[in-house]
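**Student:** Below is final.cif; it holds mmCIF, C-alpha atoms and all ligand atoms.
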```cif
data_data
#
loop_
_atom_site.group_PDB
_atom_site.id
_atom_site.type_symbol
_atom_site.label_atom_id
_atom_site.label_comp_id
_atom_site.auth_asym_id
_atom_site.auth_seq_id
_atom_site.Cartn_x
_atom_site.Cartn_y
_atom_site.Cartn_z
ATOM 1 C CA MET A 1 -8.070 -57.230 -46.034
ATOM 2 C CA ALA A 2 -5.190 -58.911 -47.818
ATOM 3 C CA GLN A 3 -5.684 -59.397 -51.537
ATOM 4 C CA SER A 4 -6.227 -63.023 -52.585
ATOM 5 C CA ARG A 5 -3.497 -64.652 -54.648
ATOM 6 C CA SER A 6 -5.746 -64.792 -57.733
ATOM 7 C CA GLU A 7 -6.612 -61.078 -57.441
ATOM 8 C CA GLN A 8 -2.941 -60.220 -57.013
ATOM 9 C CA LEU A 9 -2.036 -62.123 -60.192
ATOM 10 C CA ILE A 10 -4.880 -60.532 -62.146
ATOM 11 C CA GLN A 11 -4.053 -56.974 -61.030
ATOM 12 C CA GLU A 12 -0.368 -57.484 -61.812
ATOM 13 C CA ALA A 13 -1.279 -58.555 -65.355
ATOM 14 C CA LEU A 14 -3.658 -55.632 -65.861
ATOM 15 C CA ALA A 15 -1.023 -53.154 -64.716
ATOM 16 C CA GLN A 16 1.605 -54.558 -67.063
ATOM 17 C CA ASP A 17 2.453 -52.364 -70.097
ATOM 18 C CA PHE A 18 2.497 -53.827 -73.572
ATOM 19 C CA SER A 19 4.261 -52.149 -76.451
ATOM 20 C CA GLY A 20 5.061 -53.233 -80.004
ATOM 21 C CA TRP A 21 4.742 -57.002 -80.065
ATOM 22 C CA ASP A 22 6.865 -57.845 -77.053
ATOM 23 C CA PHE A 23 5.752 -60.821 -74.948
ATOM 24 C CA SER A 24 8.797 -60.938 -72.690
ATOM 25 C CA TRP A 25 6.710 -60.454 -69.515
ATOM 26 C CA LEU A 26 4.767 -63.640 -70.317
ATOM 27 C CA HIS A 27 7.863 -65.590 -71.216
ATOM 28 C CA ASP A 28 9.255 -65.024 -67.730
ATOM 29 C CA GLY A 29 7.897 -68.401 -66.529
ATOM 30 C CA ARG A 30 4.214 -67.473 -66.844
ATOM 31 C CA TRP A 31 3.514 -68.994 -70.271
ATOM 32 C CA TYR A 32 5.184 -71.504 -72.528
ATOM 33 C CA GLU A 33 4.350 -71.977 -76.165
ATOM 34 C CA ALA A 34 6.093 -74.683 -78.165
ATOM 35 C CA GLU A 35 7.535 -73.767 -81.545
ATOM 36 C CA PRO A 36 6.221 -75.318 -84.762
ATOM 37 C CA SER A 37 8.479 -77.956 -86.307
ATOM 38 C CA TRP A 38 9.435 -75.497 -89.048
ATOM 39 C CA ASN A 39 11.572 -72.492 -88.154
ATOM 40 C CA TYR A 40 9.970 -69.378 -89.693
ATOM 41 C CA ARG A 41 12.921 -67.171 -88.750
ATOM 42 C CA GLN A 42 15.434 -69.525 -90.392
ATOM 43 C CA ILE A 43 13.339 -69.902 -93.541
ATOM 44 C CA VAL A 44 13.084 -66.100 -93.882
ATOM 45 C CA GLN A 45 16.786 -65.636 -93.134
ATOM 46 C CA ASP A 46 17.753 -68.213 -95.791
ATOM 47 C CA ARG A 47 15.460 -66.682 -98.417
ATOM 48 C CA ILE A 48 16.446 -63.029 -97.947
ATOM 49 C CA GLU A 49 20.103 -63.749 -98.751
ATOM 50 C CA SER A 50 19.124 -63.884 -102.438
ATOM 51 C CA VAL A 51 16.466 -61.160 -102.496
ATOM 52 C CA ASP A 52 16.904 -57.475 -103.310
ATOM 53 C CA SER A 53 13.521 -56.151 -102.140
ATOM 54 C CA LEU A 54 11.516 -57.258 -99.102
ATOM 55 C CA LEU A 55 8.296 -56.269 -97.367
ATOM 56 C CA ASP A 56 7.360 -57.351 -93.829
ATOM 57 C CA MET A 57 3.574 -57.055 -93.489
ATOM 58 C CA GLY A 58 2.246 -56.075 -90.057
ATOM 59 C CA THR A 59 5.628 -55.669 -88.462
ATOM 60 C CA GLY A 60 4.209 -54.894 -84.974
ATOM 61 C CA GLY A 61 7.028 -53.025 -83.220
ATOM 62 C CA GLY A 62 9.521 -54.314 -85.822
ATOM 63 C CA GLU A 63 10.982 -56.814 -83.336
ATOM 64 C CA PHE A 64 11.152 -59.749 -85.737
ATOM 65 C CA LEU A 65 12.406 -57.796 -88.761
ATOM 66 C CA ALA A 66 15.123 -56.091 -86.677
ATOM 67 C CA SER A 67 16.343 -59.483 -85.471
ATOM 68 C CA LEU A 68 17.243 -60.633 -89.016
ATOM 69 C CA SER A 69 20.703 -60.075 -90.401
ATOM 70 C CA SER A 70 21.605 -58.740 -93.862
ATOM 71 C CA LEU A 71 18.321 -57.087 -94.769
ATOM 72 C CA PRO A 72 17.920 -56.488 -98.520
ATOM 73 C CA ALA A 73 18.862 -53.026 -99.865
ATOM 74 C CA VAL A 74 15.178 -52.205 -100.303
ATOM 75 C CA THR A 75 13.284 -53.260 -97.189
ATOM 76 C CA TYR A 76 9.830 -51.969 -96.242
ATOM 77 C CA ALA A 77 7.457 -52.785 -93.396
ATOM 78 C CA THR A 78 3.746 -52.056 -93.046
ATOM 79 C CA GLU A 79 1.883 -51.407 -89.805
ATOM 80 C CA SER A 80 -1.809 -50.637 -89.306
ATOM 81 C CA TYR A 81 -2.080 -50.348 -85.513
ATOM 82 C CA PRO A 82 -1.352 -46.623 -84.930
ATOM 83 C CA PRO A 83 0.453 -46.960 -81.555
ATOM 84 C CA ASN A 84 2.869 -49.434 -83.155
ATOM 85 C CA VAL A 85 3.900 -47.177 -86.057
ATOM 86 C CA PRO A 86 6.306 -44.928 -84.071
ATOM 87 C CA VAL A 87 7.613 -47.972 -82.158
ATOM 88 C CA ALA A 88 8.401 -49.730 -85.448
ATOM 89 C CA ARG A 89 9.953 -46.568 -86.961
ATOM 90 C CA ALA A 90 12.188 -46.045 -83.928
ATOM 91 C CA ARG A 91 13.462 -49.605 -84.181
ATOM 92 C CA LEU A 92 13.685 -49.997 -87.969
ATOM 93 C CA GLU A 93 14.531 -46.695 -89.633
ATOM 94 C CA SER A 94 18.153 -46.743 -88.480
ATOM 95 C CA LEU A 95 18.409 -50.177 -90.185
ATOM 96 C CA GLY A 96 17.371 -48.582 -93.490
ATOM 97 C CA VAL A 97 13.802 -49.908 -93.348
ATOM 98 C CA THR A 98 10.907 -47.713 -94.527
ATOM 99 C CA VAL A 99 7.824 -48.141 -92.329
ATOM 100 C CA VAL A 100 4.507 -47.478 -94.073
ATOM 101 C CA SER A 101 1.312 -47.068 -92.098
ATOM 102 C CA PHE A 102 -2.000 -48.123 -93.630
ATOM 103 C CA ASP A 103 -5.559 -48.694 -92.525
ATOM 104 C CA ASP A 104 -7.050 -51.181 -94.967
ATOM 105 C CA ASP A 105 -5.570 -54.533 -96.070
ATOM 106 C CA ARG A 106 -7.383 -54.084 -99.400
ATOM 107 C CA THR A 107 -5.593 -50.868 -100.389
ATOM 108 C CA LEU A 108 -1.947 -50.954 -99.383
ATOM 109 C CA PRO A 109 -0.154 -47.669 -100.167
ATOM 110 C CA LEU A 110 2.566 -49.489 -102.121
ATOM 111 C CA PRO A 111 3.285 -49.636 -105.868
ATOM 112 C CA ASP A 112 2.605 -52.597 -108.168
ATOM 113 C CA GLU A 113 5.294 -55.281 -108.508
ATOM 114 C CA ALA A 114 7.583 -53.601 -105.992
ATOM 115 C CA PHE A 115 8.901 -56.586 -103.997
ATOM 116 C CA GLN A 116 10.719 -59.792 -104.731
ATOM 117 C CA MET A 117 9.617 -61.191 -101.370
ATOM 118 C CA VAL A 118 6.765 -60.452 -98.986
ATOM 119 C CA ILE A 119 6.817 -61.966 -95.493
ATOM 120 C CA ASN A 120 3.944 -61.992 -93.060
ATOM 121 C CA ARG A 121 3.898 -63.503 -89.565
ATOM 122 C CA HIS A 122 0.518 -63.559 -87.841
ATOM 123 C CA GLU A 123 -0.911 -60.669 -89.847
ATOM 124 C CA SER A 124 -4.108 -60.566 -91.893
ATOM 125 C CA PHE A 125 -3.737 -59.995 -95.614
ATOM 126 C CA CYS A 126 -5.752 -59.403 -98.747
ATOM 127 C CA VAL A 127 -4.538 -61.927 -101.278
ATOM 128 C CA SER A 128 -5.084 -59.708 -104.344
ATOM 129 C CA GLU A 129 -2.998 -56.938 -102.748
ATOM 130 C CA VAL A 130 -0.149 -59.323 -101.958
ATOM 131 C CA HIS A 131 -0.302 -60.475 -105.581
ATOM 132 C CA ARG A 132 -0.307 -56.889 -106.901
ATOM 133 C CA ILE A 133 2.755 -55.710 -104.959
ATOM 134 C CA LEU A 134 4.896 -58.794 -105.724
ATOM 135 C CA LYS A 135 7.116 -58.958 -108.775
ATOM 136 C CA PRO A 136 6.270 -61.845 -111.148
ATOM 137 C CA GLY A 137 7.991 -64.961 -109.797
ATOM 138 C CA GLY A 138 8.243 -63.309 -106.354
ATOM 139 C CA THR A 139 7.670 -65.173 -103.103
ATOM 140 C CA PHE A 140 5.042 -64.776 -100.408
ATOM 141 C CA LEU A 141 5.898 -66.482 -97.118
ATOM 142 C CA THR A 142 3.430 -66.416 -94.265
ATOM 143 C CA GLN A 143 2.993 -68.059 -90.877
ATOM 144 C CA GLN A 144 -0.622 -67.706 -89.809
ATOM 145 C CA VAL A 145 -2.555 -68.229 -86.596
ATOM 146 C CA GLY A 146 -5.355 -70.684 -87.364
ATOM 147 C CA ALA A 147 -9.005 -70.608 -86.327
ATOM 148 C CA THR A 148 -8.696 -72.998 -83.397
ATOM 149 C CA ASN A 149 -5.754 -71.229 -81.761
ATOM 150 C CA CYS A 150 -6.042 -71.612 -77.943
ATOM 151 C CA ILE A 151 -9.744 -72.280 -78.349
ATOM 152 C CA GLN A 152 -9.591 -74.174 -75.013
ATOM 153 C CA LEU A 153 -9.433 -70.738 -73.336
ATOM 154 C CA ASN A 154 -12.765 -69.811 -74.913
ATOM 155 C CA GLY A 155 -14.208 -73.162 -73.871
ATOM 156 C CA PHE A 156 -13.171 -72.810 -70.236
ATOM 157 C CA LEU A 157 -14.298 -69.187 -69.993
ATOM 158 C CA GLN A 158 -17.560 -70.067 -71.760
ATOM 159 C CA ALA A 159 -16.817 -67.327 -74.247
ATOM 160 C CA THR A 160 -17.904 -67.222 -77.868
ATOM 161 C CA THR A 161 -15.608 -68.727 -80.469
ATOM 162 C CA GLU A 162 -17.320 -66.913 -83.330
ATOM 163 C CA SER A 163 -15.082 -64.589 -85.283
ATOM 164 C CA ASP A 164 -14.285 -63.441 -88.810
ATOM 165 C CA PHE A 165 -11.540 -66.083 -88.859
ATOM 166 C CA ASP A 166 -13.717 -69.110 -87.955
ATOM 167 C CA ASP A 167 -12.641 -71.058 -91.015
ATOM 168 C CA TRP A 168 -9.043 -69.830 -91.235
ATOM 169 C CA THR A 169 -7.050 -73.000 -91.935
ATOM 170 C CA LEU A 170 -4.230 -74.117 -94.184
ATOM 171 C CA ALA A 171 -6.724 -75.428 -96.758
ATOM 172 C CA LYS A 172 -8.497 -72.062 -96.911
ATOM 173 C CA GLY A 173 -5.245 -70.079 -97.209
ATOM 174 C CA VAL A 174 -3.985 -72.345 -99.985
ATOM 175 C CA GLU A 175 -7.285 -72.108 -101.850
ATOM 176 C CA GLN A 176 -7.273 -68.289 -101.737
ATOM 177 C CA LEU A 177 -3.683 -68.029 -102.916
ATOM 178 C CA GLU A 178 -4.117 -70.510 -105.751
ATOM 179 C CA LYS A 179 -7.196 -68.694 -106.992
ATOM 180 C CA ALA A 180 -5.262 -65.411 -106.998
ATOM 181 C CA GLY A 181 -2.502 -66.803 -109.239
ATOM 182 C CA PHE A 182 0.052 -68.241 -106.820
ATOM 183 C CA GLN A 183 1.808 -71.567 -107.010
ATOM 184 C CA ILE A 184 2.135 -73.152 -103.566
ATOM 185 C CA THR A 185 5.666 -74.383 -102.890
ATOM 186 C CA ARG A 186 5.326 -75.232 -99.179
ATOM 187 C CA ALA A 187 2.325 -75.803 -96.913
ATOM 188 C CA GLN A 188 2.300 -77.108 -93.328
ATOM 189 C CA GLU A 189 -0.144 -76.958 -90.429
ATOM 190 C CA GLU A 190 0.385 -77.864 -86.769
ATOM 191 C CA PHE A 191 -1.198 -77.770 -83.334
ATOM 192 C CA HIS A 192 1.210 -77.457 -80.429
ATOM 193 C CA ASP A 193 1.248 -76.823 -76.674
ATOM 194 C CA SER A 194 0.397 -73.406 -75.263
ATOM 195 C CA ILE A 195 0.644 -73.666 -71.466
ATOM 196 C CA PHE A 196 -0.444 -70.999 -68.973
ATOM 197 C CA TYR A 197 1.164 -71.224 -65.511
ATOM 198 C CA ASP A 198 -0.949 -68.629 -63.714
ATOM 199 C CA VAL A 199 -4.229 -66.808 -64.196
ATOM 200 C CA GLY A 200 -2.363 -63.496 -64.629
ATOM 201 C CA ALA A 201 -0.756 -64.913 -67.774
ATOM 202 C CA VAL A 202 -4.221 -65.707 -69.138
ATOM 203 C CA VAL A 203 -5.456 -62.190 -68.361
ATOM 204 C CA PHE A 204 -2.406 -60.562 -69.983
ATOM 205 C CA TYR A 205 -2.776 -62.788 -73.072
ATOM 206 C CA LEU A 206 -6.460 -61.946 -73.483
ATOM 207 C CA LYS A 207 -5.803 -58.245 -72.921
ATOM 208 C CA VAL A 208 -3.240 -58.209 -75.745
ATOM 209 C CA ILE A 209 -4.832 -60.706 -78.159
ATOM 210 C CA GLU A 210 -8.103 -58.794 -78.147
ATOM 211 C CA TRP A 211 -9.667 -60.959 -80.846
ATOM 212 C CA GLN A 212 -9.334 -64.269 -78.874
ATOM 213 C CA VAL A 213 -12.246 -63.459 -76.525
ATOM 214 C CA PRO A 214 -14.061 -60.436 -77.989
ATOM 215 C CA ASN A 215 -14.971 -57.773 -75.388
ATOM 216 C CA PHE A 216 -12.912 -59.501 -72.709
ATOM 217 C CA THR A 217 -12.854 -57.777 -69.318
ATOM 218 C CA VAL A 218 -11.898 -59.264 -65.965
ATOM 219 C CA GLY A 219 -15.280 -58.153 -64.562
ATOM 220 C CA ARG A 220 -17.218 -60.020 -67.234
ATOM 221 C CA TYR A 221 -15.267 -63.281 -66.750
ATOM 222 C CA ARG A 222 -14.336 -63.044 -63.054
ATOM 223 C CA ASP A 223 -16.084 -66.264 -61.955
ATOM 224 C CA ARG A 224 -14.494 -68.342 -64.686
ATOM 225 C CA LEU A 225 -11.091 -66.731 -64.087
ATOM 226 C CA LEU A 226 -11.316 -67.707 -60.414
ATOM 227 C CA ALA A 227 -12.235 -71.259 -61.472
ATOM 228 C CA MET A 228 -9.208 -71.243 -63.769
ATOM 229 C CA HIS A 229 -6.999 -70.062 -60.902
ATOM 230 C CA GLU A 230 -8.242 -73.021 -58.814
ATOM 231 C CA LEU A 231 -7.537 -75.410 -61.661
ATOM 232 C CA ILE A 232 -3.997 -74.066 -62.124
ATOM 233 C CA GLU A 233 -3.354 -74.247 -58.357
ATOM 234 C CA ASN A 234 -4.482 -77.910 -58.369
ATOM 235 C CA GLN A 235 -3.011 -79.104 -61.649
ATOM 236 C CA GLY A 236 -0.034 -76.775 -62.106
ATOM 237 C CA ALA A 237 -1.091 -75.265 -65.432
ATOM 238 C CA PHE A 238 -3.861 -74.657 -67.948
ATOM 239 C CA SER A 239 -3.118 -76.388 -71.252
ATOM 240 C CA ALA A 240 -4.278 -75.109 -74.613
ATOM 241 C CA LYS A 241 -3.285 -75.873 -78.190
ATOM 242 C CA ALA A 242 -1.846 -73.271 -80.549
ATOM 243 C CA HIS A 243 -2.838 -73.547 -84.223
ATOM 244 C CA ARG A 244 -0.306 -72.430 -86.834
ATOM 245 C CA PHE A 245 0.141 -72.884 -90.542
ATOM 246 C CA LEU A 246 2.886 -71.962 -92.943
ATOM 247 C CA ILE A 247 2.535 -71.219 -96.646
ATOM 248 C CA GLU A 248 5.206 -70.347 -99.141
ATOM 249 C CA ALA A 249 3.852 -69.346 -102.537
ATOM 250 C CA GLN A 250 5.260 -68.022 -105.765
ATOM 251 C CA LYS A 251 3.496 -65.446 -107.902
ATOM 252 C CA ARG A 252 3.024 -67.048 -111.278
ATOM 253 C CA TRP A 253 4.333 -65.309 -114.358
ATOM 254 C CA CYS A 254 1.760 -63.369 -116.348
ATOM 255 C CA LEU A 255 -1.161 -65.348 -117.780
ATOM 256 C CA SER A 256 -2.500 -64.473 -121.194
ATOM 257 C CA ARG A 257 -3.670 -67.180 -123.534
ATOM 258 C CA THR A 258 -4.289 -64.615 -126.279
ATOM 259 C CA LYS A 259 -0.590 -63.683 -126.441
ATOM 260 C CA MET A 260 0.497 -67.317 -126.928
ATOM 261 C CA THR A 261 0.634 -66.883 -130.696
ATOM 262 C CA ALA A 262 3.526 -64.430 -130.281
ATOM 263 C CA VAL A 263 5.618 -67.032 -128.436
ATOM 264 C CA PRO A 264 7.730 -69.633 -130.243
ATOM 265 C CA GLU A 265 5.920 -72.908 -129.587
ATOM 266 C CA ASN A 266 8.806 -74.819 -127.930
ATOM 267 C CA PHE A 267 9.634 -71.921 -125.653
ATOM 268 C CA ALA A 268 6.007 -71.535 -124.610
ATOM 269 C CA ARG A 269 5.838 -75.242 -123.815
ATOM 270 C CA THR A 270 8.956 -74.970 -121.645
ATOM 271 C CA ILE A 271 7.496 -72.040 -119.738
ATOM 272 C CA VAL A 272 4.251 -73.953 -119.204
ATOM 273 C CA GLU A 273 6.195 -76.936 -117.850
ATOM 274 C CA LEU A 274 8.370 -74.790 -115.615
ATOM 275 C CA TYR A 275 5.730 -72.537 -114.144
ATOM 276 C CA GLY A 276 2.535 -74.472 -114.708
ATOM 277 C CA VAL A 277 0.828 -71.552 -116.463
ATOM 278 C CA GLU A 278 -1.376 -71.801 -119.509
ATOM 279 C CA GLY A 279 0.084 -68.880 -121.396
ATOM 280 C CA VAL A 280 2.760 -66.277 -120.959
ATOM 281 C CA GLU A 281 2.642 -62.665 -121.975
ATOM 282 C CA ARG A 282 5.835 -61.992 -123.904
ATOM 283 C CA SER A 283 6.397 -58.596 -122.285
ATOM 284 C CA SER A 284 6.401 -60.105 -118.802
ATOM 285 C CA TRP A 285 9.587 -62.092 -119.237
ATOM 286 C CA LEU A 286 11.388 -59.703 -121.569
ATOM 287 C CA ARG A 287 11.294 -56.751 -119.253
HETATM 288 C C1 LIG A 301 -0.185 -60.130 -84.770
HETATM 289 S S1 LIG A 301 1.272 -59.310 -84.361
HETATM 290 C C2 LIG A 301 2.531 -59.703 -85.479
HETATM 291 C C3 LIG A 301 3.745 -58.821 -85.412
HETATM 292 C C4 LIG A 301 4.924 -59.281 -86.225
HETATM 293 N N1 LIG A 301 4.551 -59.623 -87.559
HETATM 294 C C5 LIG A 301 5.585 -60.447 -85.533
HETATM 295 O O1 LIG A 301 5.493 -61.549 -86.014
HETATM 296 O O2 LIG A 301 6.192 -60.247 -84.486
HETATM 297 C C6 LIG A 301 1.031 -57.650 -84.426
HETATM 298 C C7 LIG A 301 -0.031 -57.071 -85.313
HETATM 299 O O3 LIG A 301 -1.269 -57.079 -84.621
HETATM 300 C C8 LIG A 301 -1.953 -55.893 -84.905
HETATM 301 N N2 LIG A 301 -2.694 -55.432 -83.731
HETATM 302 C C9 LIG A 301 -4.031 -55.364 -83.693
HETATM 303 N N3 LIG A 301 -4.431 -54.942 -82.488
HETATM 304 C C10 LIG A 301 -3.331 -54.758 -81.739
HETATM 305 C C11 LIG A 301 -3.098 -54.359 -80.393
HETATM 306 N N4 LIG A 301 -4.113 -54.069 -79.576
HETATM 307 N N5 LIG A 301 -1.842 -54.294 -79.968
HETATM 308 C C12 LIG A 301 -0.821 -54.576 -80.792
HETATM 309 N N6 LIG A 301 -0.973 -54.967 -82.067
HETATM 310 C C13 LIG A 301 -2.216 -55.061 -82.541
HETATM 311 C C14 LIG A 301 -0.923 -54.883 -85.361
HETATM 312 O O4 LIG A 301 -1.353 -54.335 -86.558
HETATM 313 C C15 LIG A 301 0.360 -55.656 -85.548
HETATM 314 O O5 LIG A 301 0.891 -55.531 -86.819
#
```
Starting from the file, lay out its structure as structure tokens.
**Tutor:**
Amino acid sequence: MAQSRSEQLIQEALAQDFSGWDFSWLHDGRWYEAEPSWNYRQIVQDRIESVDSLLDMGTGGGEFLASLSSLPAVTYATESYPPNVPVARARLESLGVTVVSFDDDRTLPLPDEAFQMVINRHESFCVSEVHRILKPGGTFLTQQVGATNCIQLNGFLQATTESDFDDWTLAKGVEQLEKAGFQITRAQEEFHDSIFYDVGAVVFYLKVIEWQVPNFTVGRYRDRLLAMHELIENQGAFSAKAHRFLIEAQKRWCLSRTKMTAVPENFARTIVELYGVEGVERSSWLR
């Protein structure tokens, strides 16, 4: 018996390889996602011109980092998903980038105050570790996927929306960073179109983004996938909303009220006005 159109689309998606963080198969007319109004790539490119040490957290297959021009002399990338480590090394090492594998956000195998800039697109992070590895005054720039990202998929499939990132919003990210000793210099949050043009695109997306619908299998969601196929056949597409936020934050200079006595009063006041800190440890700006 001939395979139905829906089954054909689903099987095609399941058979499709995925390596690194390369969504080109989906972009071939199967899925469209609008860009946020800010341009993460351009912001990073502008910033790295004046930076001598850079870390890209969770580089995937290194696709984004490799696409930038004029990487700083010291450029590192981290990757925790073991299959992606050799993919990232193959792409990045010839560009002078050191790829470091790790398995816990809370203990990065990187020295204290090593980087002038840390970038992070769609990767989890432990705020105290980001703070530790940045030089004082250094910049953390991250574009994050928010809690309600494509939640319409979960709704249609009648799948749980519970996850560790349920409350992951701009407000939460800002709060965590401020508490850890960062000054927020830019913060934006947006919800934009994420449009699926066939059920195979949905299956591929859920296969790759494993955390969107935990324990997703075609077998478990077959009835709802067939209903989604019908809907796409009738309406042309399934529309969801992506959730993104952007934060740029500066690591404050060292805080130490007790050392204030060692600082000439006018100078200390200037530092407080400039950086918004309550006290400055003399050694931190003299070194
Ligand atoms: C969320 S993306 C971001 C990649 C890169 N920062 C970018 O913007 O293109 C990739 C990250 O997801 C993580 N990941 C978790 N599970 C994965 C999987 N099954 N396949 C690929 N990456 C996975 C990897 O650690 C990887 O760093």
**Student:** Taking only residues of chain A that have an atom at most 8 Å from an atom of ligand LIG 301 (chain A), what is each one's shortest atom pair and its distance in Å to one decimal, using all atoms listed in the file, in chain and number order, as a Markdown table?
**Tutor:**
```
| residue | atom | partner | partner_atom | distance |
| --- | --- | --- | --- | --- |
| A:Phe18 | CA | A:LIG301 | N5 | 7.7 |
| A:Ser19 | CA | A:LIG301 | C12 | 7.1 |
| A:Gly20 | CA | A:LIG301 | C12 | 6.1 |
| A:Trp21 | CA | A:LIG301 | O2 | 5.7 |
| A:Asp22 | CA | A:LIG301 | O2 | 7.8 |
| A:Asp56 | CA | A:LIG301 | N1 | 7.2 |
| A:Met57 | CA | A:LIG301 | N1 | 6.5 |
| A:Gly58 | CA | A:LIG301 | O5 | 3.6 |
| A:Thr59 | CA | A:LIG301 | N1 | 4.2 |
| A:Gly60 | CA | A:LIG301 | O5 | 3.8 |
| A:Gly61 | CA | A:LIG301 | C3 | 7.0 |
| A:Gly62 | CA | A:LIG301 | C4 | 6.8 |
| A:Glu63 | CA | A:LIG301 | O2 | 6.0 |
| A:Phe64 | CA | A:LIG301 | O2 | 5.1 |
| A:Leu65 | CA | A:LIG301 | O2 | 7.9 |
| A:Thr78 | CA | A:LIG301 | O5 | 7.7 |
| A:Glu79 | CA | A:LIG301 | O5 | 5.2 |
| A:Ser80 | CA | A:LIG301 | O4 | 4.6 |
| A:Tyr81 | CA | A:LIG301 | O4 | 4.2 |
| A:Pro82 | CA | A:LIG301 | O4 | 7.9 |
| A:Pro83 | CA | A:LIG301 | C12 | 7.8 |
| A:Asn84 | CA | A:LIG301 | C12 | 6.8 |
| A:Asn120 | CA | A:LIG301 | N1 | 6.0 |
| A:Arg121 | CA | A:LIG301 | O1 | 4.4 |
| A:His122 | CA | A:LIG301 | C1 | 4.7 |
| A:Glu123 | CA | A:LIG301 | C1 | 5.2 |
| A:Val208 | CA | A:LIG301 | N4 | 5.7 |
| A:Ile209 | CA | A:LIG301 | N4 | 6.8 |
| A:Glu210 | CA | A:LIG301 | N4 | 6.3 |
```
**Student:** Assuming the chain letters and numbering stay as they are in my file, what does the PyMOL selection byres (((chain A and resi 108) around 10) and not hetatm) actually select? List them as a ChimeraX atom specification.
**Tutor:** /A:78,100-107,109-111,125-126,129-130,132-133
**Student:** Let me make sure I understand: among A:Leu246, A:Ala187, A:Ala159, A:Ala77, which one has the smallest atom-to-atom distance to Phe216 in chain A if we use only C-alpha atoms?
**Tutor:**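 Among the listed residues, A:Ala159 lies closest to Phe216 in chain A.
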**Student:** A:Phe204, A:Ala237, A:Arg220, A:Ala227: which is nearest Phe23 in chain A, counting all atoms listed in the file?
**Tutor:**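 Of all the options, A:Phe204 lies closest to Phe23 in chain A.
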**Student:** Env of Asp167 in chain A: 10 Å cut, atoms = all atoms listed in the file, seq-sep filter 4 positions within chain, self excluded. Answer as a VMD selection string.
**Tutor:** chain A and resid 146 to 148 162 to 163 171 to 173
**Student:** Please, what distance in Å, to one decimal, runs between CA of Leu225 in chain A and CA of Asp17 in chain A?
**Tutor:**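 Between these atoms lies a distance of 20.6 Å.
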**Student:** Using only C-alpha atoms, which residue out of A:Ala66, A:Ile247, A:Val74, A:Leu177 lies closest to Ala88 in chain A?
**Tutor:** A:Ala66
**Student:** With all atoms of range 169-179 of chain A from the file as input, state the centre and edge lengths in Å to one decimal of the axis-aligned box that has 6 Å extra on each side, as AutoDock Vina command-line options.
**Tutor:**
```
--center_x -6.1 --center_y -71.7 --center_z -99.5 --size_x 16.8 --size_y 19.4 --size_z 27.1
```
